[in-house]
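Below: coords.csv (CSV, C-alpha atoms)
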```csv
chain,number,residue,atom,x,y,z
A,25,MET,CA,6.7,-17.6,-9.6
A,26,ILE,CA,5.6,-14.4,-7.9
A,27,HIS,CA,2.5,-12.7,-9.2
A,28,HIS,CA,1.7,-10.1,-6.6
A,29,HIS,CA,4.2,-7.4,-5.9
A,30,PRO,CA,4.3,-4.3,-3.7
A,31,GLY,CA,3.3,-1.1,-5.5
A,32,ASP,CA,5.8,1.7,-6.0
A,33,GLU,CA,4.6,3.7,-3.0
A,34,LEU,CA,5.1,0.8,-0.6
A,35,LEU,CA,8.5,0.0,-2.0
A,36,LEU,CA,9.5,3.6,-1.9
A,37,ALA,CA,8.5,3.8,1.8
A,38,TYR,CA,10.7,0.8,2.5
A,39,ALA,CA,13.7,2.2,0.6
A,40,ALA,CA,13.3,5.6,2.1
A,41,GLY,CA,13.0,4.1,5.6
A,42,THR,CA,9.7,5.8,6.3
A,43,ALA,CA,7.7,2.6,6.5
A,44,ASP,CA,7.4,1.3,10.1
A,45,GLU,CA,9.1,-1.9,11.3
A,46,ALA,CA,6.1,-4.2,10.7
A,47,VAL,CA,5.5,-3.0,7.1
A,48,SER,CA,9.2,-3.1,6.4
A,49,LEU,CA,9.2,-6.7,7.6
A,50,ILE,CA,6.4,-7.5,5.1
A,51,VAL,CA,8.4,-5.9,2.2
A,52,ALA,CA,11.7,-7.6,3.3
A,53,THR,CA,10.0,-11.0,3.5
A,54,HIS,CA,8.5,-10.5,0.1
A,55,MET,CA,11.9,-9.6,-1.3
A,56,SER,CA,13.4,-12.8,0.2
A,57,TYR,CA,11.4,-14.5,-2.5
A,58,CYS,CA,11.4,-11.9,-5.2
A,59,ALA,CA,14.5,-10.9,-7.3
A,60,VAL,CA,12.5,-8.4,-9.2
A,61,CYS,CA,11.6,-6.3,-6.2
A,62,ARG,CA,15.2,-6.6,-4.8
A,63,GLU,CA,16.3,-4.8,-7.9
A,64,ARG,CA,13.5,-2.3,-7.8
A,65,THR,CA,14.5,-1.5,-4.2
A,66,ALA,CA,18.2,-1.1,-5.3
A,67,LYS,CA,17.1,1.4,-7.8
A,68,LEU,CA,15.0,3.4,-5.3
A,69,GLU,CA,18.0,3.4,-3.0
A,70,SER,CA,20.0,4.8,-5.8
A,71,LEU,CA,17.4,7.6,-6.0
A,72,GLY,CA,18.1,8.1,-2.3
A,73,GLY,CA,21.8,8.4,-3.1
A,74,ALA,CA,21.2,10.8,-5.9
A,75,LEU,CA,19.0,13.0,-3.7
A,76,LEU,CA,21.6,12.9,-0.9
A,77,GLN,CA,24.3,13.9,-3.3
A,78,ASP,CA,22.3,16.9,-4.5
A,79,LEU,CA,21.3,18.1,-1.0
A,80,PRO,CA,22.7,21.5,0.0
A,81,PRO,CA,25.4,20.5,2.6
A,82,ALA,CA,24.7,21.4,6.2
A,83,GLU,CA,27.5,23.0,8.3
A,84,LEU,CA,29.2,20.6,10.7
A,85,GLU,CA,30.3,21.6,14.2
A,86,ALA,CA,33.9,22.8,14.5
A,87,GLY,CA,36.3,19.9,15.0
A,88,ALA,CA,33.9,17.2,13.6
A,89,LEU,CA,36.5,15.7,11.3
A,90,ASP,CA,39.2,15.7,14.0
A,91,ASN,CA,36.7,14.1,16.4
A,92,VAL,CA,36.0,11.2,14.0
A,93,LEU,CA,39.7,10.8,13.0
A,94,ALA,CA,40.6,10.4,16.7
A,95,ARG,CA,38.0,7.6,17.0
A,96,LEU,CA,39.2,5.6,13.9
A,97,ASP,CA,41.8,3.5,15.8
A,98,ALA,CA,39.4,2.5,18.6
A,99,VAL,CA,36.7,1.0,16.3
A,100,LYS,CA,36.9,-2.5,15.0
A,101,PRO,CA,36.1,-3.5,11.4
A,102,PHE,CA,32.5,-4.5,11.1
A,103,GLU,CA,31.8,-8.2,10.8
A,104,ARG,CA,28.5,-9.5,9.5
A,105,PRO,CA,26.8,-11.5,12.3
A,106,ARG,CA,26.6,-15.2,11.5
A,107,ARG,CA,23.2,-16.6,11.3
A,108,ALA,CA,22.3,-20.2,11.6
A,109,ALA,CA,21.0,-21.6,8.3
A,110,SER,CA,17.3,-22.3,8.0
A,111,ARG,CA,16.3,-26.0,7.7
A,112,ASP,CA,13.0,-25.3,6.0
A,113,GLY,CA,13.7,-22.3,3.9
A,114,THR,CA,12.3,-19.7,6.3
A,115,PRO,CA,13.6,-16.3,5.2
A,116,ALA,CA,16.4,-15.1,7.5
A,117,VAL,CA,14.8,-11.7,8.1
A,118,LEU,CA,11.7,-13.5,9.4
A,119,ARG,CA,13.7,-16.0,11.5
A,120,ALA,CA,15.0,-13.1,13.5
A,121,TYR,CA,11.4,-12.3,14.6
A,122,ILE,CA,10.2,-15.9,15.0
A,123,GLY,CA,13.4,-16.9,16.9
A,124,GLY,CA,13.9,-19.9,14.6
A,125,ASP,CA,12.3,-21.7,11.7
A,126,LEU,CA,8.6,-21.8,10.8
A,127,SER,CA,8.7,-25.4,11.9
A,128,THR,CA,9.5,-24.3,15.5
A,129,VAL,CA,6.5,-21.9,15.8
A,130,ARG,CA,4.2,-22.6,18.7
A,131,TRP,CA,0.7,-22.1,17.2
A,132,ARG,CA,-2.3,-21.0,19.1
A,133,SER,CA,-5.6,-22.5,17.9
A,134,MET,CA,-8.5,-20.3,16.7
A,135,GLY,CA,-10.8,-23.3,16.1
A,136,PRO,CA,-10.2,-26.6,14.3
A,137,ARG,CA,-8.8,-25.2,11.0
A,138,LEU,CA,-7.1,-21.9,11.8
A,139,SER,CA,-4.2,-21.0,14.1
A,140,TYR,CA,-2.0,-18.0,14.7
A,141,ALA,CA,1.2,-16.9,16.4
A,142,PRO,CA,1.8,-13.2,17.4
A,143,LEU,CA,5.2,-11.8,16.5
A,144,PHE,CA,5.0,-8.2,17.8
A,145,LYS,CA,2.7,-5.3,18.3
A,146,ARG,CA,3.6,-1.6,18.2
A,147,GLY,CA,0.7,0.6,19.1
A,148,LYS,CA,-2.1,-0.3,16.7
A,149,VAL,CA,0.2,-2.2,14.3
A,150,SER,CA,0.4,-6.0,14.8
A,151,ALA,CA,2.6,-8.6,13.0
A,152,ARG,CA,1.5,-12.2,13.3
A,153,LEU,CA,1.7,-15.5,11.5
A,154,LEU,CA,-1.5,-17.2,10.4
A,155,ARG,CA,-2.0,-20.8,9.4
A,156,GLY,CA,-5.0,-22.5,7.8
A,157,VAL,CA,-5.4,-26.2,6.9
A,158,PRO,CA,-6.4,-26.8,3.2
A,159,GLY,CA,-9.9,-25.6,2.6
A,160,ALA,CA,-10.0,-23.4,5.8
A,161,ASP,CA,-12.2,-20.4,5.3
A,162,SER,CA,-11.5,-17.1,7.1
A,163,GLY,CA,-15.1,-16.0,6.8
A,164,VAL,CA,-16.0,-12.6,5.3
A,165,HIS,CA,-14.2,-9.8,7.2
A,166,HIS,CA,-13.8,-6.0,6.8
A,167,HIS,CA,-10.6,-4.2,7.2
A,168,CYS,CA,-10.3,-1.1,9.5
A,169,GLY,CA,-6.9,0.1,8.6
A,170,THR,CA,-4.7,-1.7,6.2
A,171,GLU,CA,-3.7,-5.3,6.1
A,172,PHE,CA,-0.5,-6.6,4.5
A,173,THR,CA,-0.1,-10.3,3.8
A,174,VAL,CA,2.9,-12.3,2.5
A,175,VAL,CA,2.4,-16.0,1.8
A,176,LEU,CA,5.2,-18.2,3.3
A,177,GLN,CA,3.9,-21.7,2.5
A,178,GLY,CA,0.9,-23.2,0.6
A,179,GLY,CA,-1.5,-20.6,-0.8
A,180,TYR,CA,-4.9,-19.1,-0.6
A,181,THR,CA,-7.6,-17.7,-2.9
A,182,ASP,CA,-9.8,-14.7,-2.4
A,183,PRO,CA,-12.1,-12.9,-4.8
A,184,THR,CA,-9.1,-10.9,-6.2
A,185,GLY,CA,-7.0,-13.9,-7.1
A,186,ASN,CA,-4.7,-16.7,-6.0
A,187,TYR,CA,-1.7,-16.1,-3.8
A,188,GLY,CA,1.3,-18.4,-3.4
A,189,PRO,CA,4.7,-18.3,-1.6
A,190,GLY,CA,6.2,-14.8,-1.8
A,191,ASP,CA,3.0,-13.1,-3.1
A,192,LEU,CA,2.1,-9.9,-1.3
A,193,GLN,CA,-1.5,-8.6,-0.8
A,194,VAL,CA,-2.6,-5.2,0.5
A,195,MET,CA,-6.1,-4.8,1.7
A,196,GLU,CA,-6.9,-1.1,2.2
A,197,ASP,CA,-9.1,0.3,4.9
A,198,GLY,CA,-12.8,-0.5,4.3
A,199,MET,CA,-12.2,-3.4,1.9
A,200,SER,CA,-13.7,-6.8,2.7
A,201,HIS,CA,-12.9,-10.3,1.5
A,202,ASN,CA,-12.9,-13.9,2.6
A,203,VAL,CA,-9.9,-16.1,2.2
A,204,VAL,CA,-9.9,-19.8,1.5
A,205,ALA,CA,-6.7,-21.9,2.0
A,206,ASP,CA,-5.7,-23.8,-1.2
A,207,PRO,CA,-5.6,-27.6,-1.3
A,208,GLY,CA,-2.3,-29.3,-0.7
A,209,GLU,CA,-0.2,-28.2,2.3
A,210,ASP,CA,-1.2,-25.9,5.1
A,211,CYS,CA,-1.3,-22.2,4.1
A,212,VAL,CA,1.1,-20.1,6.3
A,213,ASN,CA,1.1,-16.3,6.0
A,214,LEU,CA,2.8,-13.3,7.6
A,215,ALA,CA,0.2,-10.7,8.3
A,216,VAL,CA,0.5,-7.1,9.4
A,217,THR,CA,-2.6,-5.2,10.4
A,218,THR,CA,-2.9,-1.5,11.3
A,219,GLY,CA,-6.4,-1.8,12.7
A,220,ARG,CA,-8.9,-4.3,13.8
A,221,LEU,CA,-10.8,-6.8,11.5
A,222,LYS,CA,-14.6,-6.9,11.6
A,223,PHE,CA,-16.2,-10.3,10.9
A,224,ASP,CA,-19.7,-10.9,9.5
A,225,SER,CA,-20.4,-14.1,11.4
A,226,LEU,CA,-21.6,-13.7,15.0
A,227,LEU,CA,-19.3,-16.4,16.4
A,228,GLN,CA,-16.3,-14.7,14.9
A,229,LYS,CA,-17.5,-11.3,16.1
A,230,ILE,CA,-17.3,-12.7,19.6
A,231,ALA,CA,-14.1,-14.6,19.1
A,232,ALA,CA,-12.0,-12.1,17.2
A,233,PRO,CA,-11.3,-9.7,20.1
A,234,LEU,CA,-10.3,-12.7,22.3
A,235,PHE,CA,-7.5,-13.4,19.9
A,236,GLY,CA,-6.5,-9.8,19.5
A,237,PHE,CA,-7.7,-9.4,15.9
B,1,MET,CA,15.5,6.2,-24.9
B,2,VAL,CA,18.6,5.9,-22.7
B,3,LEU,CA,19.9,9.2,-21.4
B,4,ARG,CA,23.6,9.8,-21.9
B,5,LEU,CA,25.5,10.4,-18.7
B,6,PRO,CA,26.7,14.0,-18.1
B,7,MET,CA,30.5,14.2,-18.4
B,8,SER,CA,30.7,15.5,-14.9
B,9,ALA,CA,28.6,13.0,-12.8
B,10,LYS,CA,30.3,9.7,-13.7
B,11,PRO,CA,33.8,10.7,-12.8
B,12,GLU,CA,32.6,12.0,-9.5
B,13,VAL,CA,31.1,8.6,-8.7
B,14,GLN,CA,34.3,6.9,-9.8
B,15,GLU,CA,36.4,9.3,-7.7
B,16,MET,CA,34.3,8.5,-4.6
B,17,ASN,CA,34.7,4.8,-5.4
B,18,ALA,CA,38.5,5.2,-5.7
B,19,LEU,CA,38.6,7.0,-2.3
B,20,LEU,CA,36.6,4.3,-0.6
B,21,GLY,CA,38.8,1.7,-2.2
B,22,ARG,CA,41.8,3.3,-0.6
B,23,VAL,CA,40.0,3.4,2.8
B,24,ALA,CA,39.2,-0.3,2.5
B,25,MET,CA,42.6,-1.6,1.2
B,26,GLU,CA,45.1,0.8,2.8
B,27,ARG,CA,43.1,2.3,5.7
B,28,ASP,CA,44.0,5.6,4.1
B,29,ARG,CA,43.1,8.5,6.4
B,30,THR,CA,43.5,11.2,3.8
B,31,ALA,CA,41.1,9.4,1.6
B,32,PHE,CA,38.7,9.0,4.5
B,33,ALA,CA,39.0,12.8,5.3
B,34,ALA,CA,38.1,13.6,1.7
B,35,LEU,CA,35.0,11.4,1.9
B,36,PHE,CA,34.1,12.8,5.3
B,37,SER,CA,34.3,16.4,4.0
B,38,HIS,CA,32.1,15.6,1.0
B,39,PHE,CA,29.5,13.4,2.6
B,40,ALA,CA,29.2,14.2,6.3
B,41,PRO,CA,27.6,17.7,5.7
B,42,ARG,CA,25.1,16.0,3.2
B,43,VAL,CA,24.2,13.2,5.6
B,44,LYS,CA,23.7,15.9,8.3
B,45,ALA,CA,21.4,17.8,5.9
B,46,TYR,CA,19.5,14.6,5.2
B,47,LEU,CA,19.0,13.9,8.9
B,48,LEU,CA,17.9,17.5,9.6
B,49,ARG,CA,15.2,17.2,6.8
B,50,GLN,CA,14.0,14.0,8.6
B,51,GLY,CA,13.3,16.2,11.6
B,52,ALA,CA,16.3,15.3,13.7
B,53,PRO,CA,17.4,17.9,16.2
B,54,ALA,CA,20.7,19.6,15.2
B,55,ALA,CA,22.8,17.9,17.9
B,56,VAL,CA,21.4,14.4,17.0
B,57,ALA,CA,21.9,15.1,13.2
B,58,GLU,CA,25.5,16.0,13.9
B,59,ASP,CA,26.2,12.9,16.0
B,60,LEU,CA,24.6,10.6,13.5
B,61,ALA,CA,26.4,12.2,10.6
B,62,GLN,CA,29.7,11.5,12.4
B,63,GLU,CA,28.5,8.0,13.3
B,64,ALA,CA,27.5,7.3,9.6
B,65,LEU,CA,31.0,8.2,8.4
B,66,LEU,CA,32.5,6.1,11.2
B,67,SER,CA,30.4,3.2,9.9
B,68,LEU,CA,31.8,3.8,6.5
B,69,TRP,CA,35.3,3.4,7.9
B,70,ARG,CA,34.2,0.2,9.8
B,71,LYS,CA,32.4,-1.3,6.8
B,72,ALA,CA,34.6,-0.1,3.9
B,73,HIS,CA,35.7,-3.7,3.1
B,74,LEU,CA,32.0,-4.7,2.5
B,75,PHE,CA,31.4,-2.0,-0.1
B,76,ASP,CA,30.8,-3.3,-3.6
B,77,PRO,CA,31.0,-0.7,-6.3
B,78,ALA,CA,29.1,-3.1,-8.7
B,79,LYS,CA,26.0,-2.8,-6.5
B,80,ALA,CA,25.8,0.8,-5.5
B,81,SER,CA,27.6,4.2,-5.6
B,82,VAL,CA,29.2,5.5,-2.4
B,83,ALA,CA,26.4,8.1,-2.0
B,84,THR,CA,23.7,5.3,-2.3
B,85,TRP,CA,25.6,3.1,0.2
B,86,LEU,CA,25.9,5.9,2.7
B,87,PHE,CA,22.3,6.9,2.2
B,88,THR,CA,21.3,3.3,3.4
B,89,ILE,CA,23.7,3.5,6.3
B,90,ALA,CA,22.3,6.9,7.4
B,91,ARG,CA,18.8,5.7,6.9
B,92,ASN,CA,19.3,2.7,9.1
B,93,LEU,CA,21.1,4.7,11.8
B,94,ARG,CA,18.2,7.1,11.9
B,95,ILE,CA,15.6,4.3,12.3
B,96,ASP,CA,17.7,2.7,15.0
B,97,ALA,CA,18.6,5.9,17.0
B,98,ILE,CA,15.5,8.1,16.5
B,99,ARG,CA,12.6,5.7,15.9
B,100,ARG,CA,14.1,3.1,18.2
B,101,GLU,CA,13.0,0.4,15.8
B,102,LYS,CA,14.9,-2.4,14.1
B,103,ARG,CA,15.3,-2.3,10.3
B,104,PRO,CA,14.2,-5.6,8.8
B,105,GLU,CA,16.9,-5.9,6.2
B,106,LEU,CA,17.5,-8.7,3.7
B,107,ASP,CA,20.4,-10.9,4.4
B,108,PRO,CA,22.5,-10.6,1.2
B,109,GLU,CA,23.3,-14.3,1.5
B,110,ASP,CA,19.7,-15.3,1.9
B,111,PHE,CA,18.2,-15.1,-1.5
B,112,MET,CA,15.6,-17.7,-2.1
B,113,PRO,CA,15.7,-18.0,-5.8
B,114,GLU,CA,19.4,-17.8,-6.9
B,115,THR,CA,19.0,-14.9,-9.3
B,116,GLY,CA,21.2,-12.1,-8.2
B,117,PRO,CA,21.8,-9.4,-10.7
B,118,SER,CA,24.1,-10.5,-13.6
B,119,ALA,CA,27.4,-8.7,-14.2
B,120,ASP,CA,25.7,-6.7,-17.0
B,121,GLN,CA,22.9,-5.5,-14.8
B,122,SER,CA,25.4,-4.7,-12.0
B,123,MET,CA,27.1,-2.2,-14.4
B,124,VAL,CA,23.8,-0.5,-14.9
B,125,ILE,CA,23.1,-0.4,-11.2
B,126,ALA,CA,26.4,1.2,-10.5
B,127,ASP,CA,25.5,4.0,-13.0
B,128,ASP,CA,22.0,4.5,-11.6
B,129,GLU,CA,22.9,7.3,-9.3
B,130,SER,CA,24.4,9.4,-12.1
B,131,ARG,CA,21.5,8.7,-14.4
B,132,LEU,CA,19.0,9.6,-11.7
B,133,ARG,CA,20.7,12.9,-10.8
B,134,LEU,CA,20.6,13.9,-14.5
B,135,ALA,CA,16.9,12.9,-14.7
B,136,LEU,CA,16.0,14.8,-11.5
B,137,LYS,CA,17.4,18.0,-13.1
B,138,GLU,CA,15.0,17.5,-16.0
B,139,LEU,CA,11.9,17.0,-13.9
B,140,PRO,CA,9.5,19.9,-13.2
B,141,ALA,CA,10.2,21.5,-9.7
B,142,ASP,CA,6.8,20.4,-8.3
B,143,GLN,CA,7.6,16.7,-9.1
B,144,VAL,CA,11.1,16.9,-7.6
B,145,GLN,CA,9.5,18.4,-4.5
B,146,VAL,CA,7.2,15.4,-3.9
B,147,VAL,CA,10.0,12.9,-4.6
B,148,GLN,CA,12.2,14.7,-2.0
B,149,LEU,CA,9.5,14.9,0.5
B,150,SER,CA,8.6,11.3,0.1
B,151,PHE,CA,12.2,10.3,0.7
B,152,PHE,CA,13.3,12.9,3.2
B,153,ALA,CA,10.3,13.9,5.2
B,154,ASP,CA,9.1,11.1,7.5
B,155,LYS,CA,5.5,12.0,6.9
B,156,PRO,CA,2.5,10.3,5.2
B,157,HIS,CA,1.4,11.6,1.9
B,158,SER,CA,-1.8,13.1,3.4
B,159,GLN,CA,0.3,15.3,5.6
B,160,ILE,CA,2.6,16.3,2.7
B,161,ALA,CA,-0.5,17.3,0.8
B,162,THR,CA,-1.8,19.4,3.7
B,163,GLU,CA,1.6,21.2,4.1
B,164,LEU,CA,1.8,21.9,0.4
B,165,GLY,CA,-1.8,23.0,0.3
B,166,ILE,CA,-2.7,20.6,-2.5
B,167,PRO,CA,-5.1,17.6,-2.7
B,168,LEU,CA,-3.7,14.2,-1.8
B,169,GLY,CA,-4.5,13.0,-5.3
B,170,THR,CA,-2.2,15.7,-6.7
B,171,VAL,CA,0.7,14.5,-4.5
B,172,LYS,CA,0.1,11.0,-5.7
B,173,SER,CA,-0.2,11.9,-9.4
B,174,ARG,CA,3.0,14.0,-9.2
B,175,LEU,CA,4.9,11.2,-7.6
B,176,ARG,CA,3.6,8.7,-10.1
B,177,LEU,CA,4.6,11.0,-13.0
B,178,ALA,CA,8.0,11.6,-11.5
B,179,MET,CA,8.6,7.9,-10.8
B,180,SER,CA,7.7,6.9,-14.4
B,181,ARG,CA,10.1,9.5,-15.8
B,182,LEU,CA,12.9,8.3,-13.4
B,183,LYS,CA,12.3,4.7,-14.4
B,184,ARG,CA,12.5,5.7,-18.1
B,185,ALA,CA,15.8,7.4,-17.3
B,186,LEU,CA,17.1,4.0,-16.0
B,187,GLY,CA,16.1,2.5,-19.3
B,188,GLU,CA,13.3,0.4,-17.7
B,189,MET,CA,10.3,-0.6,-19.7
B,190,GLU,CA,7.1,0.8,-18.5
```
Would it be possible to restate this file's structure as structure tokens?
Amino acid sequence: MIHHHPGDELLLAYAAGTADEAVSLIVATHMSYCAVCRERTAKLESLGGALLQDLPPAELEAGALDNVLARLDAVKPFERPRRAASRDGTPAVLRAYIGGDLSTVRWRSMGPRLSYAPLFKRGKVSARLLRGVPGADSGVHHHCGTEFTVVLQGGYTDPTGNYGPGDLQVMEDGMSHNVVADPGEDCVNLAVTTGRLKFDSLLQKIAAPLFGF
Amino acid sequence: MVLRLPMSAKPEVQEMNALLGRVAMERDRTAFAALFSHFAPRVKAYLLRQGAPAAVAEDLAQEALLSLWRKAHLFDPAKASVATWLFTIARNLRIDAIRREKRPELDPEDFMPETGPSADQSMVIADDESRLRLALKELPADQVQVVQLSFFADKPHSQIATELGIPLGTVKSRLRLAMSRLKRALGEME
């Protein structure tokens, strides 16, 4: 059961295609778990269709239609690419970035209880996987820029509530929290940050830049 | 309250569906030409609003309609109108060609909980575009403007606020008001 969904503004940015790739990955991953938000997105896309329909038409170049008609015979009907099925329920949209299932991720240690795996970085925006063993504590940290998190496995608790698979959390610029992995299985999250994290503890202050946080 | 559909909007959606059906089933070029003439100038207008240079907007508009020809067999009128489907095609082409990014898109066969929309809901979804067009006509102009800019101008809300010369909070509250009225038009509970 999903309890934490993206707000209208975030979903609209995804549907409109104005959200960047990393934030879009967050929303698409959430929707892999969430039928409610798939339907909300379908409605927002309908709004895009309605707006498109009502736009004053722009003038095309002379011969545009003939040009496209001449190309029809040369193009092949589109076929959906076949994707190998996931063995552990990893969402397909995420598998494309991991290069396989979650179980194939090569984790890098950040101490005895936490590990991470970078997915990609575009400018200041980073997408990465984070894993904590049950009870692992992130330590209090402050967000410079926004952080988006989707839980993939297990769960965590912070002062705002409890987050399980599919739940999405947004931490705005300037907010701070500490996150504790729930008992049971390891907690695995997809996290996108648009700025650095600042930690309260001295050890983490020193270590965070080393890991690119 | 559920808004009644205007007599004119729904047949237009059905007419476009029928044309696309002929493209998919019979590879009908006349039907394709009719869809092209209706939609290509609108797709170009959309891309121009997104800030694409005229030559790029022209190329991508032609490309979008070529995609419609290639993907016609995948179109499902229960899930979206032709305009909505084409909007998503043009949106993704733009992200790919102009932003040079990938579009993380859901695999329609990869739904974790098996709860796709039921047949009843699909009927509603297919009518969404007509309902929304009607509802947009009822909105105050300043609300329509922020909805359009949120969709069609690839800019953060802070920049939209600066350009309109209004506070960021006003942009957000107009968008919130508009969205709640649009949701009501779709018969959703608040």
Practice problem: In the coordinates of the file, take the point (25.3, 10.6, -11.1) and a cut-off of 8 Å; then, counting only C-alpha atoms, name each qualifying protein, DNA or RNA residue as JSON, numbers by chain. | Solution: {"A": [74], "B": [5, 6, 9, 10, 12, 13, 127, 128, 129, 130, 131, 132, 133, 134]}
Practice problem: Would you kindly return, as JSON, numbers by chain, each protein, DNA or RNA residue with an atom no farther than 10 Å from any atom of B:Tyr46, considering only C-alpha atoms and excluding same-chain residues fewer than 3 positions away? | Solution: {"A": [75, 76, 77, 79, 80, 81, 82], "B": [40, 41, 42, 43, 49, 50, 51, 52, 57, 61, 87, 90, 91, 151, 152, 153]}
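A straight line drawn from atom CA of B:Ile89 to atom CA of A:Gly41 is 10.7 Å long.
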Practice problem: Starting from chain B, keep only residues with some atom at most 8 Å from an atom of chain A, counting all atoms listed in the file, and report them as number ranges by chain. | Solution: B: 29, 33, 36-37, 39-46, 58, 62, 66, 69-71, 80-88, 91-92, 95, 101-107, 110-113, 115-117, 125, 128-130, 132-133, 148, 150-152, 154-155
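Taking atom CA of B:Leu20 and atom CA of B:Ala34 as the two end points, the separation is 9.7 Å.
Atom to atom, atom CA of B:Ala55 and atom CA of B:Asp96 stand 16.3 Å apart.
The closest residue to A:Leu176, picked from A:Gly163, A:Leu153, A:Val203, A:Gly87 and counting only C-alpha atoms, is A:Leu153.
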Quiz item: In file coordinates, which residues lie within 7 Å of (-4.8, -25.7, 8.1) using all atoms listed in the file, given as a ChimeraX atom specification?
Solution: /A:137-138,155-158,160,210-211
So which residues touch A:Gly31 within 10 Å, counting only C-alpha atoms, skipping near sequence neighbours fewer than 2 positions away, as a PDB file with C-alpha atoms, in the coordinates of the input?
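Now in part.pdb:
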```pdb
ATOM      1  CA  HIS A  28       1.700 -10.100  -6.600  1.00  0.00           C
ATOM      2  CA  HIS A  29       4.200  -7.400  -5.900  1.00  0.00           C
ATOM      3  CA  GLU A  33       4.600   3.700  -3.000  1.00  0.00           C
ATOM      4  CA  LEU A  34       5.100   0.800  -0.600  1.00  0.00           C
ATOM      5  CA  LEU A  35       8.500   0.000  -2.000  1.00  0.00           C
ATOM      6  CA  LEU A  36       9.500   3.600  -1.900  1.00  0.00           C
ATOM      7  CA  CYS A  61      11.600  -6.300  -6.200  1.00  0.00           C
ATOM      8  CA  LEU A 192       2.100  -9.900  -1.300  1.00  0.00           C
ATOM      9  CA  VAL A 194      -2.600  -5.200   0.500  1.00  0.00           C
TER      10      VAL A 194
END
```
Exercise. Just the residues within 10 Å of B:Pro167, please, counting only C-alpha atoms, with nothing from its chain fewer than 6 positions along; format it as number ranges by chain.
Key: B: 157-158, 160-161
Can you tell me, as a PDB file with C-alpha atoms, in the frame of the given file, what residues are no more than 9 Å from B:Val144 when counting all atoms listed in the file, ignoring any on the same chain fewer than 6 positions away?
```pdb
ATOM      1  CA  LEU B 136      16.000  14.800 -11.500  1.00  0.00           C
ATOM      2  CA  LYS B 137      17.400  18.000 -13.100  1.00  0.00           C
ATOM      3  CA  ARG B 174       3.000  14.000  -9.200  1.00  0.00           C
ATOM      4  CA  LEU B 175       4.900  11.200  -7.600  1.00  0.00           C
ATOM      5  CA  ALA B 178       8.000  11.600 -11.500  1.00  0.00           C
TER       6      ALA B 178
END
```
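Closest to A:Gln177 among A:Leu143, A:Val204, A:Ala151, A:Val212 is A:Val212, based on only C-alpha atoms.
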Exercise. Write out as a list in words the residues lying within 7 Å of A:Ser200, counting only C-alpha atoms and excluding same-chain residues fewer than 5 positions away.
Key: Val164, His165, His166 and His167 of chain A
